[in-house]
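Participant: Got final-v4.cif for you, mmCIF, C-alpha atoms:
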data_run
loop_
_atom_site.label_atom_id
_atom_site.label_comp_id
_atom_site.auth_asym_id
_atom_site.auth_seq_id
_atom_site.Cartn_x
_atom_site.Cartn_y
_atom_site.Cartn_z
CA MET B 1 -65.82 49.31 -46.08
CA THR B 2 -65.61 52.75 -44.49
CA LEU B 3 -62.89 55.32 -45.02
CA ARG B 4 -61.59 54.44 -41.56
CA GLU B 5 -61.34 50.75 -42.47
CA TRP B 6 -59.63 51.50 -45.76
CA LEU B 7 -57.18 53.78 -43.99
CA LYS B 8 -56.39 51.05 -41.48
CA LYS B 9 -55.93 48.52 -44.29
CA GLY B 10 -53.70 50.95 -46.17
CA GLU B 11 -51.51 51.48 -43.13
CA ALA B 12 -51.20 47.72 -42.64
CA ASP B 13 -50.37 47.07 -46.31
CA LEU B 14 -47.76 49.82 -46.47
CA GLY B 15 -46.30 48.72 -43.15
CA ALA B 16 -44.82 45.80 -45.07
CA GLY B 17 -43.38 48.10 -47.74
CA PRO B 18 -39.99 49.84 -47.98
CA HIS B 19 -41.00 52.69 -45.64
CA PRO B 20 -43.08 51.32 -42.74
CA GLU B 21 -42.38 54.48 -40.75
CA ARG B 22 -44.49 56.42 -43.27
CA ALA B 23 -47.25 53.84 -43.66
CA ARG B 24 -50.03 55.86 -42.05
CA GLN B 25 -48.97 59.12 -43.70
CA ASP B 26 -48.69 57.55 -47.16
CA ALA B 27 -52.01 55.73 -46.86
CA GLU B 28 -53.68 58.99 -45.91
CA LEU B 29 -52.07 60.89 -48.79
CA LEU B 30 -53.26 58.30 -51.28
CA LEU B 31 -56.76 58.27 -49.84
CA LEU B 32 -56.93 62.07 -49.93
CA HIS B 33 -56.27 61.86 -53.66
CA PHE B 34 -59.72 60.30 -54.05
CA ILE B 35 -61.70 62.61 -51.77
CA GLY B 36 -60.40 66.00 -52.85
CA ASN B 37 -57.16 66.46 -50.87
CA ASN B 38 -59.11 67.79 -47.89
CA ARG B 39 -57.77 66.22 -44.70
CA ALA B 40 -60.35 67.92 -42.49
CA ARG B 41 -63.10 66.35 -44.58
CA LEU B 42 -61.44 62.95 -44.33
CA LEU B 43 -61.23 63.12 -40.55
CA ALA B 44 -64.82 64.29 -40.31
CA HIS B 45 -66.16 61.48 -42.50
CA LEU B 46 -64.05 58.46 -41.50
CA ASP B 47 -67.20 56.40 -40.94
CA ASP B 48 -68.59 57.08 -44.42
CA ASP B 49 -68.65 54.19 -46.90
CA PHE B 50 -65.93 54.12 -49.52
CA GLY B 51 -66.45 51.66 -52.32
CA GLY B 52 -66.91 51.13 -56.03
CA CYS B 53 -64.32 52.15 -58.59
CA SER B 54 -62.62 54.58 -56.20
CA ALA B 55 -61.97 51.83 -53.66
CA ILE B 56 -60.63 49.53 -56.37
CA SER B 57 -58.31 52.26 -57.60
CA PHE B 58 -57.17 53.05 -54.05
CA ALA B 59 -56.28 49.39 -53.51
CA ALA B 60 -54.25 49.45 -56.73
CA HIS B 61 -52.47 52.61 -55.55
CA LEU B 62 -51.60 50.89 -52.29
CA ARG B 63 -49.98 48.01 -54.18
CA ARG B 64 -47.91 50.41 -56.26
CA ARG B 65 -46.76 52.31 -53.19
CA ALA B 66 -45.94 49.08 -51.33
CA ALA B 67 -43.66 48.19 -54.26
CA GLY B 68 -41.76 51.43 -53.75
CA GLU B 69 -43.24 53.63 -56.46
CA PRO B 70 -43.15 57.31 -55.43
CA ILE B 71 -46.49 58.76 -54.39
CA GLN B 72 -45.93 61.67 -56.79
CA TYR B 73 -45.94 59.29 -59.77
CA ILE B 74 -48.94 57.38 -58.43
CA VAL B 75 -51.12 60.47 -58.08
CA GLY B 76 -49.43 62.16 -61.04
CA GLU B 77 -48.57 65.49 -59.47
CA CYS B 78 -46.51 67.34 -56.89
CA GLU B 79 -45.94 70.85 -55.57
CA PHE B 80 -42.86 72.97 -56.19
CA TYR B 81 -42.36 76.62 -55.25
CA GLY B 82 -46.06 76.95 -54.48
CA LEU B 83 -47.08 75.65 -57.91
CA SER B 84 -48.69 72.38 -59.00
CA PHE B 85 -46.81 70.19 -61.48
CA ARG B 86 -47.72 67.06 -63.35
CA VAL B 87 -45.00 64.44 -62.99
CA THR B 88 -44.47 61.18 -64.86
CA PRO B 89 -41.71 58.55 -64.75
CA ALA B 90 -40.10 60.49 -67.62
CA VAL B 91 -39.10 63.31 -65.26
CA LEU B 92 -37.32 63.71 -61.97
CA ILE B 93 -39.64 64.59 -59.10
CA PRO B 94 -38.91 68.23 -58.11
CA ARG B 95 -37.19 68.46 -54.70
CA PRO B 96 -37.61 71.19 -52.08
CA GLU B 97 -33.85 71.87 -52.11
CA THR B 98 -34.09 72.95 -55.75
CA GLU B 99 -36.20 75.89 -54.59
CA HIS B 100 -32.91 77.41 -53.35
CA LEU B 101 -31.79 77.51 -56.99
CA VAL B 102 -34.96 79.35 -58.01
CA GLU B 103 -34.46 81.87 -55.21
CA GLN B 104 -30.88 82.60 -56.25
CA ALA B 105 -31.85 82.90 -59.91
CA LEU B 106 -34.60 85.38 -59.07
CA VAL B 107 -32.13 87.57 -57.17
CA LEU B 108 -29.64 87.56 -60.04
CA ALA B 109 -32.29 88.04 -62.73
CA ALA B 110 -33.29 91.32 -61.06
CA ARG B 111 -30.02 92.80 -62.34
CA PHE B 112 -31.30 92.63 -65.91
CA THR B 113 -34.18 94.58 -67.45
CA GLN B 114 -35.49 91.76 -69.61
CA PRO B 115 -33.42 88.76 -68.63
CA ARG B 116 -32.79 86.06 -71.19
CA ILE B 117 -32.78 82.80 -69.28
CA LEU B 118 -32.07 79.21 -70.31
CA ASP B 119 -32.98 76.27 -68.08
CA VAL B 120 -30.81 73.33 -69.16
CA GLY B 121 -32.23 69.86 -68.53
CA THR B 122 -35.62 71.21 -67.58
CA GLY B 123 -37.33 67.89 -66.84
CA SER B 124 -40.81 68.70 -65.53
CA GLY B 125 -40.13 72.37 -66.23
CA ALA B 126 -40.27 73.20 -62.51
CA ILE B 127 -37.39 75.68 -62.45
CA ALA B 128 -38.24 77.49 -65.69
CA ILE B 129 -41.94 77.72 -64.85
CA ALA B 130 -41.32 78.96 -61.31
CA LEU B 131 -39.07 81.66 -62.74
CA ALA B 132 -41.60 82.58 -65.40
CA LYS B 133 -44.32 83.05 -62.78
CA HIS B 134 -42.18 85.65 -61.00
CA LEU B 135 -40.36 87.29 -63.93
CA ILE B 136 -43.04 88.71 -66.19
CA ASP B 137 -40.60 90.44 -68.55
CA ALA B 138 -38.12 87.58 -68.82
CA ARG B 139 -37.59 85.59 -71.99
CA ILE B 140 -37.19 82.04 -70.79
CA SER B 141 -36.20 78.95 -72.74
CA ALA B 142 -36.01 75.38 -71.45
CA SER B 143 -34.08 72.51 -72.99
CA ASP B 144 -34.02 68.77 -72.43
CA ILE B 145 -32.56 65.79 -74.24
CA SER B 146 -35.70 63.74 -73.49
CA ALA B 147 -38.75 64.28 -75.70
CA PRO B 148 -41.15 62.76 -73.12
CA ALA B 149 -39.71 65.04 -70.43
CA LEU B 150 -40.10 68.08 -72.67
CA ALA B 151 -43.72 67.12 -73.38
CA CYS B 152 -44.36 66.96 -69.62
CA ALA B 153 -42.75 70.40 -69.19
CA GLN B 154 -44.93 71.83 -71.96
CA ASP B 155 -48.03 70.48 -70.21
CA ASN B 156 -46.90 72.08 -66.97
CA ALA B 157 -46.37 75.44 -68.65
CA LYS B 158 -49.99 75.34 -69.83
CA ARG B 159 -51.12 74.15 -66.40
CA ASN B 160 -49.45 77.13 -64.74
CA GLU B 161 -50.32 79.58 -67.53
CA VAL B 162 -46.84 80.71 -68.51
CA GLY B 163 -45.26 81.09 -71.91
CA LEU B 164 -41.88 79.46 -72.49
CA ARG B 165 -39.83 78.30 -75.43
CA PHE B 166 -38.96 74.61 -75.34
CA LEU B 167 -35.90 73.16 -77.06
CA LEU B 168 -35.15 69.48 -77.64
CA GLY B 169 -31.51 68.48 -77.47
CA ASP B 170 -28.41 67.89 -75.37
CA LEU B 171 -27.47 70.67 -72.93
CA LEU B 172 -26.99 73.95 -74.88
CA VAL B 173 -26.82 72.39 -78.35
CA PRO B 174 -30.41 73.35 -79.33
CA ALA B 175 -29.64 76.97 -78.41
CA ALA B 176 -26.39 77.12 -80.36
CA GLY B 177 -25.34 80.66 -81.26
CA GLU B 178 -27.64 82.31 -78.73
CA ILE B 179 -26.59 84.47 -75.78
CA PHE B 180 -28.24 84.51 -72.35
CA ASP B 181 -28.08 86.61 -69.20
CA LEU B 182 -28.70 83.62 -66.94
CA ILE B 183 -28.24 79.90 -67.44
CA VAL B 184 -29.71 77.70 -64.74
CA SER B 185 -29.60 73.94 -64.34
CA ASN B 186 -30.22 71.08 -61.97
CA PRO B 187 -28.17 68.53 -63.91
CA PRO B 188 -27.59 64.84 -63.15
CA TYR B 189 -24.89 64.66 -60.46
CA VAL B 190 -25.14 61.29 -58.71
CA PRO B 191 -22.04 59.07 -59.13
CA GLU B 192 -22.78 55.66 -60.64
CA ALA B 193 -21.05 54.09 -57.64
CA ASP B 194 -23.72 55.56 -55.36
CA ARG B 195 -26.61 53.86 -57.16
CA HIS B 196 -26.97 51.20 -54.45
CA THR B 197 -27.26 53.86 -51.72
CA LEU B 198 -30.38 55.43 -53.18
CA SER B 199 -33.87 54.63 -51.94
CA VAL B 200 -35.97 52.20 -53.95
CA GLU B 201 -38.20 55.11 -55.04
CA VAL B 202 -35.30 56.91 -56.67
CA ARG B 203 -33.19 53.96 -57.84
CA ASP B 204 -35.97 51.91 -59.40
CA HIS B 205 -38.48 54.51 -60.51
CA GLU B 206 -36.96 57.90 -61.37
CA PRO B 207 -35.21 58.34 -64.76
CA ALA B 208 -31.56 57.29 -64.56
CA GLN B 209 -30.68 59.81 -67.27
CA ALA B 210 -31.70 62.62 -64.91
CA LEU B 211 -29.78 61.18 -61.94
CA PHE B 212 -26.42 59.71 -62.87
CA ALA B 213 -23.44 61.47 -64.42
CA GLY B 214 -20.48 59.16 -64.70
CA ALA B 215 -18.22 57.54 -62.14
CA ASP B 216 -17.83 60.69 -60.00
CA GLY B 217 -21.10 62.47 -60.81
CA LEU B 218 -19.30 65.37 -62.46
CA GLY B 219 -19.58 64.34 -66.10
CA VAL B 220 -22.28 66.84 -67.01
CA TYR B 221 -20.61 69.74 -65.16
CA ARG B 222 -17.44 69.20 -67.20
CA ARG B 223 -19.39 69.82 -70.39
CA LEU B 224 -22.03 72.26 -69.15
CA ILE B 225 -19.75 74.79 -67.45
CA PRO B 226 -17.51 75.70 -70.44
CA ALA B 227 -20.48 75.57 -72.81
CA SER B 228 -22.40 77.95 -70.54
CA ARG B 229 -19.56 80.45 -70.39
CA ALA B 230 -19.57 80.65 -74.18
CA ALA B 231 -23.33 81.25 -74.18
CA LEU B 232 -23.46 83.92 -71.46
CA VAL B 233 -23.28 87.66 -71.93
CA THR B 234 -20.36 89.36 -70.20
CA GLY B 235 -21.55 89.80 -66.62
CA GLY B 236 -24.08 86.99 -66.98
CA PHE B 237 -24.56 84.26 -64.40
CA LEU B 238 -24.55 80.50 -64.21
CA VAL B 239 -26.66 78.94 -61.43
CA LEU B 240 -26.27 75.23 -60.73
CA GLU B 241 -27.51 72.71 -58.21
CA ILE B 242 -24.74 70.42 -56.97
CA GLY B 243 -24.45 67.23 -54.97
CA HIS B 244 -23.03 66.54 -51.54
CA GLY B 245 -19.24 66.92 -51.44
CA GLN B 246 -18.97 68.43 -54.93
CA ALA B 247 -18.48 72.11 -54.04
CA ALA B 248 -14.68 72.22 -54.23
CA VAL B 249 -14.43 70.39 -57.54
CA VAL B 250 -17.23 72.38 -59.15
CA ALA B 251 -15.62 75.62 -57.96
CA ALA B 252 -12.36 74.54 -59.61
CA LEU B 253 -14.19 73.75 -62.86
CA LEU B 254 -15.83 77.17 -62.80
CA GLU B 255 -12.54 78.97 -62.14
CA SER B 256 -10.74 77.12 -64.91
CA ALA B 257 -13.53 78.04 -67.32
CA GLY B 258 -13.14 81.74 -66.51
CA PHE B 259 -15.97 82.32 -64.04
CA ALA B 260 -15.64 84.62 -61.03
CA SER B 261 -17.69 85.66 -57.98
CA ILE B 262 -18.29 81.99 -57.18
CA ALA B 263 -20.65 81.57 -54.21
CA PHE B 264 -22.48 78.68 -52.60
CA THR B 265 -25.93 78.53 -51.00
CA PRO B 266 -26.54 75.77 -48.43
CA ASP B 267 -29.73 73.75 -48.16
CA LEU B 268 -31.61 73.34 -44.88
CA GLN B 269 -29.10 70.68 -43.78
CA GLY B 270 -26.23 73.11 -44.27
CA ILE B 271 -24.93 71.28 -47.36
CA PRO B 272 -23.72 73.51 -50.23
CA ARG B 273 -26.53 72.94 -52.72
CA VAL B 274 -26.49 75.81 -55.22
CA VAL B 275 -23.50 77.51 -56.79
CA THR B 276 -23.64 80.84 -58.60
CA ALA B 277 -20.86 82.20 -60.78
CA GLN B 278 -20.40 85.22 -63.05
CA ARG B 279 -18.91 85.30 -66.53
CA LEU B 280 -16.17 87.93 -66.76
#
Write the structure described by the file as structure tokens, please.
Facilitator:
Amino acid sequence: MTLREWLKKGEADLGAGPHPERARQDAELLLLHFIGNNRARLLAHLDDDFGGCSAISFAAHLRRRAAGEPIQYIVGECEFYGLSFRVTPAVLIPRPETEHLVEQALVLAARFTQPRILDVGTGSGAIAIALAKHLIDARISASDISAPALACAQDNAKRNEVGLRFLLGDLLVPAAGEIFDLIVSNPPYVPEADRHTLSVEVRDHEPAQALFAGADGLGVYRRLIPASRAALVTGGFLVLEIGHGQAAVVAALLESAGFASIAFTPDLQGIPRVVTAQRL
């Protein structure tokens, strides 16, 4: 079969999957994985033969995608903040909206000569590694409760040639007694009651531990915010990603913990997505 025929078959197979509106796009993305991620080359060689082990693997990839598995897990990588990351089912797939958190952290880190930064719940390491690529003099640590996630983050640090310290444990526990200038986190914030509203890719394939945080989605914030205040230098900052409709409650939690200068950054849909707050 030619590349054109395989592409047509892929579109047909994925048309019966959970996202028929993306069938052609997804089939093309999976096929590009086998021919060097060069779309111009694909379009110029659609009539070339495509067979052997690559064709067998492509067919297997189509089956996985038709079952709802995210493309990022199938091909094993994704892009975040202009960097390439390896992703596995042990980690949440980095989202574009989380780049707003990185941008805010970079602005605040500029206030410190050699900022000490802790990324809590690092997952793939996307936030910590993106910061490390832009903050040469920063001392950055990254923690996670999941050993497989931390191993993935360590691989990504090597992949992107940055040096970080990795800590295994719950929230700030593995950094007990230390003080930081910035603490950043994209914690779990989806309410358990919203599980059924999530797409099959997220609900059935991404790690539940990185998604859900109690009945109202605020369980981690209730522990992370006061713990962060105790671990921040006076004048230090906490930078958090939050979920839809959580701004008011998170602001109240920050105020009650003694934070000030609370500000929200919206995502491209205008939803408050990142909150920054300063320890007095």
Participant: Apply the PyMOL selection byres ((chain B and resi 175-189) around 9) to the displayed file and report the matching residues as a VMD selection string.
Facilitator: chain B and resid 98 101 to 102 105 108 to 109 112 115 to 122 127 to 128 141 143 167 169 171 to 174 190 to 191 208 to 214 216 to 221 224 228 230 to 243 246
Participant: Could you list, as number ranges by chain, every residue matched by the PyMOL selection byres ((chain B and resi 262) around 10) in this structure?
Facilitator: B: 237-239, 250-252, 254-255, 259-261, 263-264, 275-279
Participant: Pick from B:Leu280, B:Ile271, B:Val91, B:Ala153: nearest to Pro207 in chain B, with all atoms listed in the file counted?
Facilitator: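 Comparing B:Leu280, B:Ile271, B:Val91, B:Ala153 against Pro207 in chain B, the winner is B:Val91.
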Participant: Give me, as an MDAnalysis selection string, all polymer residues having an atom no more than 10 Å from Val200 in chain B, counting all atoms listed in the file and skipping those fewer than 5 positions away in the same chain.
Facilitator: chainID B and resid 18:19 67:70 205:206
Participant: Report, in Å with one decimal, the straight-line distance from CA of Thr113 in chain B to CA of Ala130 in chain B.
Facilitator: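 Spanning CA of Thr113 in chain B to CA of Ala130 in chain B is a straight-line distance of 18.2 Å.
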Participant: Restricting the calculation to only C-alpha atoms: of B:His196, B:His61, B:Arg111, B:Arg159, which residue gets closest to Phe34 in chain B?
Facilitator: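 Answer, going by the shortest atom-to-atom distance: B:His61.
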Participant: Measuring between only C-alpha atoms, which one of B:Ala151, B:Val75, B:Ala59, B:Leu14 shows the shortest distance to Asn37 in chain B?
Facilitator: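 Smallest separation from Asn37 in chain B among the options: B:Val75.
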Participant: Given only C-alpha atoms as the basis, pick out the residue of B:Arg95, B:Arg41, B:Arg229, B:Arg4 nearest to Arg24 in chain B.
Facilitator: B:Arg4
Participant: Starting from the shown file, work through the PyMOL selection byres ((chain B and resi 30) around 9) and note down what comes out as a JSON list (two decimals) with C-alpha atoms, in the frame of the given file.
Facilitator:
[["chain", "number", "residue", "atom", "x", "y", "z"],
["B", 10, "GLY", "CA", -53.70, 50.95, -46.17],
["B", 25, "GLN", "CA", -48.97, 59.12, -43.70],
["B", 26, "ASP", "CA", -48.69, 57.55, -47.16],
["B", 27, "ALA", "CA", -52.01, 55.73, -46.86],
["B", 28, "GLU", "CA", -53.68, 58.99, -45.91],
["B", 29, "LEU", "CA", -52.07, 60.89, -48.79],
["B", 31, "LEU", "CA", -56.76, 58.27, -49.84],
["B", 32, "LEU", "CA", -56.93, 62.07, -49.93],
["B", 33, "HIS", "CA", -56.27, 61.86, -53.66],
["B", 34, "PHE", "CA", -59.72, 60.30, -54.05],
["B", 58, "PHE", "CA", -57.17, 53.05, -54.05],
["B", 61, "HIS", "CA", -52.47, 52.61, -55.55],
["B", 62, "LEU", "CA", -51.60, 50.89, -52.29],
["B", 71, "ILE", "CA", -46.49, 58.76, -54.39],
["B", 74, "ILE", "CA", -48.94, 57.38, -58.43],
["B", 75, "VAL", "CA", -51.12, 60.47, -58.08]]
Participant: Under the rule that all atoms listed in the file are counted, which of B:Gly258, B:Gly125, B:Pro94, B:Gly245 is the nearest residue to Lys158 in chain B?
Facilitator: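 Of all the options, B:Gly125 lies closest to Lys158 in chain B.
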Participant: Can you measure CA of Ala227 in chain B to CA of Ser256 in chain B for me? One decimal in Å is fine.
Facilitator: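 So the two atoms, CA of Ala227 in chain B and CA of Ser256 in chain B, lie 12.6 Å apart.
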Participant: I want to know what sits within 9 Å of Leu131 in chain B, based on all atoms listed in the file, with residues of the same chain fewer than 2 positions away left out; could you give that as a VMD selection string?
Facilitator: chain B and resid 102 to 103 105 to 106 126 to 129 133 to 136 138 140
Participant: Output C-alpha atoms for every residue in that selection, as a tab-separated table (two decimals), keeping the file's coordinate frame.
Facilitator:
chain	number	residue	atom	x	y	z
B	102	VAL	CA	-34.96	79.35	-58.01
B	103	GLU	CA	-34.46	81.87	-55.21
B	105	ALA	CA	-31.85	82.90	-59.91
B	106	LEU	CA	-34.60	85.38	-59.07
B	126	ALA	CA	-40.27	73.20	-62.51
B	127	ILE	CA	-37.39	75.68	-62.45
B	128	ALA	CA	-38.24	77.49	-65.69
B	129	ILE	CA	-41.94	77.72	-64.85
B	133	LYS	CA	-44.32	83.05	-62.78
B	134	HIS	CA	-42.18	85.65	-61.00
B	135	LEU	CA	-40.36	87.29	-63.93
B	136	ILE	CA	-43.04	88.71	-66.19
B	138	ALA	CA	-38.12	87.58	-68.82
B	140	ILE	CA	-37.19	82.04	-70.79
Participant: From the list B:Ala90, B:Tyr81, B:Leu3, B:Asn156, which residue is nearest Asp48 in chain B when using all atoms listed in the file?
Facilitator: B:Leu3
Participant: Suppose you want the space between CA of Val107 in chain B and CA of Thr265 in chain B; what is it in Å?
Facilitator: 12.6 Å
Participant: What's the 10 Å shell around Glu79 in chain B, counting all atoms listed in the file, without same-chain residues fewer than 3 positions away, as a list in words?
Facilitator: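 With the cut-off at 10 Å, the set is Gln72, Gly82, Leu83, Ser84, Phe85, Arg86, Val87, Ile93, Pro94, Arg95, Pro96 and Ala126 of chain B.
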Participant: For the residues selected in the previous step, produce a file with C-alpha atoms as a PDB file, keeping the file's coordinate frame.
Facilitator:
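Produced file result32.pdb, reproduced below:
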ATOM      1  CA  GLN B  72     -45.930  61.670 -56.790  1.00  0.00           C
ATOM      2  CA  GLY B  82     -46.060  76.950 -54.480  1.00  0.00           C
ATOM      3  CA  LEU B  83     -47.080  75.650 -57.910  1.00  0.00           C
ATOM      4  CA  SER B  84     -48.690  72.380 -59.000  1.00  0.00           C
ATOM      5  CA  PHE B  85     -46.810  70.190 -61.480  1.00  0.00           C
ATOM      6  CA  ARG B  86     -47.720  67.060 -63.350  1.00  0.00           C
ATOM      7  CA  VAL B  87     -45.000  64.440 -62.990  1.00  0.00           C
ATOM      8  CA  ILE B  93     -39.640  64.590 -59.100  1.00  0.00           C
ATOM      9  CA  PRO B  94     -38.910  68.230 -58.110  1.00  0.00           C
ATOM     10  CA  ARG B  95     -37.190  68.460 -54.700  1.00  0.00           C
ATOM     11  CA  PRO B  96     -37.610  71.190 -52.080  1.00  0.00           C
ATOM     12  CA  ALA B 126     -40.270  73.200 -62.510  1.00  0.00           C
TER      13      ALA B 126
END
Participant: Let me have the centre and edge lengths of the axis-aligned box enclosing all listed atoms of range 120-129 of chain B with 4 Å padding on every side, in Å to one decimal, as lines of an AutoDock Vina configuration file.
Facilitator:
center_x = -36.4
center_y = 72.8
center_z = -65.8
size_x = 19.1
size_y = 17.8
size_z = 14.7
